[in-house]
Amino acid sequence: MSGRPPIRYAAALLACAALLAGVWVWAAMRRPGPPGQCGRAGRPPRLSPDYAGAVIPPNIAPLNFRVAEAGVAYFVRLRSASGEGVSVASRSPSITIPAKAWRDLLRRNRGAELRLEVYARAADGHWDQFDTVRSTVAEDEVDSHVVYRLIHSVYNLYVTMGIYQRDLESYDESLVLDNASFDDGCMNCHTFAANRPDRMAIQVRRGRVDYGNAMVVADQAGVRKVDTRTAVSPAPPAYMAWHPSGRLAAFSMNKVRQFFHTSRQEPRDVLDLESDLALYLADSGEVVSTPDIARPERLETYPAWSADGSYLYFSSAPILWSDREKVPPDRFNEVRYDLMRIRCDVEAHTWGPLETVLSAQETGRSITLPRLSPDGRFLLFCMSAYGCFPIHHADADLYMMDLRTGGYRRLEANSEQADTWHSWSSNGRWFVFSSKRPDGLLARLYLAHVDEAGNVGRPFLMPQEDPSFYDTFLKTYNVPELVTGPVRVRGEDIAGAIRSDKWAKAELPVTAATPRAEGGPAPYSDGGPWQPRR
């Protein structure tokens, strides 16, 4: 024998050496400390999503991100006032933060600053350190779940849609209801009583099979399909708001039409040709109203309750056209909604006088989507140039009114694209909203913190486990609602109620429903509850 090792042994030795070298490099990259000698980039790193300056809840899932800087390896470290911090080394620019260490860091540092250090290594082995990125961990938790509709952004693909729920403390998403379960019907405007998932309603529309247009209510009593239409108000329900007590809900009846523009970034537009408001009494099944919220010469929509349930807020605009079938009608771009309210005494079954909270004449803009904070302090609303469907208007912005003073302001949280469809958390310290700020086309969900004085922190994008998720996800997020826990009702039970021939018919009397034809029923009856206060 020559004494030389066989070729196969030499190959094995080389493989072992390469493996050991790889393990050494991996271990070096995983070490808890920062890289050795570093240069200074002299600027913050480019991150996607960018969470710099955001105020985040202490119970949010890890805010994974991509480092949009050239490099062959990356090292990041998260630190705050208390605890060891979290370190992550990666050969990829996608940074995945360990969930357990992240939760511990946030739990220990409520109300404290969160500091993110980012390092990138070039191919020649040189490391650059970027300026520290700072954000804040709030004291206040956000509701654990958000429920939303996912829909294609292309108008003629609306047949594929679903209502989903997302656990904000993790990345778990689950289906609440898929419209394929009732033959591609439409569903919209899910709503919950006091942010609780155990009483909800969804409005559904007929699809390929005519199961009827209905309000589907799910609560402790089960799931039922409710027909709220009457001879004087034949339109199905649309936008809805539960009273804080959960005993009744205000809803709008809208004749909605979509049309298209030829020369703007967002060609779609939506308007109401007619709309009124009414109340659905959950215990008795009655539908009631008053002339002040169902006037034939005005459009009333977007109901919302005050925190104590004593006032019903809504948007109202004059009808400027005589032809109620023409789309778009004449002067559609001159319709601007006022913000109104009316006192509603649930125990005495009486209405108070109609009041103007904020007029379009004063603002020069259309005021829609009022939402009142659960502590009764603030009113969050949207304003746009005209109309009632601001998600299609790039100029749509969020505004905050202090109900103690009546003063209001445009929020710094807005962008150059549509910001709208907002919902408060149960503690009144957070709200979620839809924004088209990434590209002007697809709406994404953002969360923002509100302190006791009404100051709003920099909003942040709802995190995903894969930080590149939104780059290829081509559906839009619609009507987000924060809830305190997961929706327990099964989608099969909701779909079964929709497909069923069994209806829970709303009972009369119906007061103040707007007549739709000459010689029709009177605007309101003199018998029965909920008469207007004389």
# chains A, B, ... in the order shown; residues from 1 in each chain; ligands from 1

$ residues_around --residues "Gly454 (chain A)" --least-positions-apart "6" --cutoff "10 Å" --atoms "only C-alpha atoms" --output "PyMOL selection string"
chain A and resi 377-378+400-402+429

$ write_last_selection --atoms "N, CA and C atoms" --output "mmCIF file, in the first residue's frame"
data_model
loop_
_atom_site.group_PDB
_atom_site.id
_atom_site.type_symbol
_atom_site.label_atom_id
_atom_site.label_comp_id
_atom_site.auth_asym_id
_atom_site.auth_seq_id
_atom_site.Cartn_x
_atom_site.Cartn_y
_atom_site.Cartn_z
ATOM 1 N N ARG A 377 -65.263 59.847 24.547
ATOM 2 C CA ARG A 377 -64.482 61.080 24.448
ATOM 3 C C ARG A 377 -64.305 61.562 23.005
ATOM 4 N N PHE A 378 -64.084 60.645 22.074
ATOM 5 C CA PHE A 378 -63.685 61.052 20.731
ATOM 6 C C PHE A 378 -64.626 60.500 19.660
ATOM 7 N N MET A 400 -60.428 63.525 13.719
ATOM 8 C CA MET A 400 -60.800 63.237 15.105
ATOM 9 C C MET A 400 -61.471 64.465 15.715
ATOM 10 N N MET A 401 -62.639 64.238 16.330
ATOM 11 C CA MET A 401 -63.330 65.306 17.054
ATOM 12 C C MET A 401 -63.290 65.008 18.548
ATOM 13 N N ASP A 402 -62.949 66.028 19.336
ATOM 14 C CA ASP A 402 -63.039 65.933 20.786
ATOM 15 C C ASP A 402 -64.465 66.300 21.171
ATOM 16 N N ARG A 429 -58.329 52.720 22.967
ATOM 17 C CA ARG A 429 -56.936 53.157 22.848
ATOM 18 C C ARG A 429 -56.300 52.780 21.509
#

$ select_by_dssp --residues "region 320-489 of chain A" --states "alpha helix (DSSP H)" --output "list in words"
Ala360, Gln361, Glu362, Thr363, Phe469, Tyr470, Asp471 and Thr472 of chain A

$ write_last_selection --atoms "C-alpha atoms" --output "PDB file, in the first residue's frame"
ATOM      1  CA  ALA A 360     -70.539  69.959   4.958  1.00  0.00           C
ATOM      2  CA  GLN A 361     -71.084  73.663   4.324  1.00  0.00           C
ATOM      3  CA  GLU A 362     -68.650  74.414   7.137  1.00  0.00           C
ATOM      4  CA  THR A 363     -66.000  71.870   6.099  1.00  0.00           C
ATOM      5  CA  PHE A 469     -46.478  38.703   2.011  1.00  0.00           C
ATOM      6  CA  TYR A 470     -48.070  41.926   0.801  1.00  0.00           C
ATOM      7  CA  ASP A 471     -45.824  42.127  -2.275  1.00  0.00           C
ATOM      8  CA  THR A 472     -47.747  39.326  -3.972  1.00  0.00           C
TER       9      THR A 472
END

$ atom_distance --atom1 "CA of Leu482 (chain A)" --atom2 "CA of Arg66 (chain A)"
27.1 Å

$ residues_around --residues "region 304-321 of chain A" --least-positions-apart "5" --cutoff "7 Å" --atoms "only C-alpha atoms" --output "list of chain:residue names"
A:Ala241, A:His243, A:Pro244, A:Glu297, A:Arg298, A:Leu299, A:Pro329, A:Asp330, A:Arg331, A:Val335, A:Arg336, A:Tyr337, A:Asp338, A:Leu339, A:Met340, A:Arg341, A:Ile342, A:Arg343, A:Cys344, A:Asp345, A:Ile367, A:Thr368, A:Pro370, A:Arg371, A:Leu372, A:Ser373, A:Pro374, A:Asp375, A:Gly376

$ residues_around --residues "Asp451 (chain A)" --least-positions-apart "2" --cutoff "10 Å" --atoms "only C-alpha atoms" --output "list in words"
Ala138, Glu139, Asp140, Gly428, Arg429, Trp430, His449, Ala453, Gly454, Asn455, Val456 and Gly457 of chain A

$ write_last_selection --atoms "C-alpha atoms" --output "PDB file, in the first residue's frame"
ATOM      1  CA  ALA A 138     -47.723  51.173  24.444  1.00  0.00           C
ATOM      2  CA  GLU A 139     -49.121  50.397  27.873  1.00  0.00           C
ATOM      3  CA  ASP A 140     -52.491  49.533  26.319  1.00  0.00           C
ATOM      4  CA  GLY A 428     -60.748  53.067  23.081  1.00  0.00           C
ATOM      5  CA  ARG A 429     -56.936  53.157  22.848  1.00  0.00           C
ATOM      6  CA  TRP A 430     -56.545  51.706  19.348  1.00  0.00           C
ATOM      7  CA  HIS A 449     -52.684  54.116  19.109  1.00  0.00           C
ATOM      8  CA  ALA A 453     -55.491  63.289  25.211  1.00  0.00           C
ATOM      9  CA  GLY A 454     -56.415  62.086  21.722  1.00  0.00           C
ATOM     10  CA  ASN A 455     -52.871  62.069  20.323  1.00  0.00           C
ATOM     11  CA  VAL A 456     -52.522  59.428  17.615  1.00  0.00           C
ATOM     12  CA  GLY A 457     -49.280  57.500  17.219  1.00  0.00           C
TER      13      GLY A 457
END

$ closest_residue --among "A:Ala249, A:Ala122, A:Val176, A:Ala396" --to "Cys38 (chain A)" --atoms "only C-alpha atoms"
A:Ala122
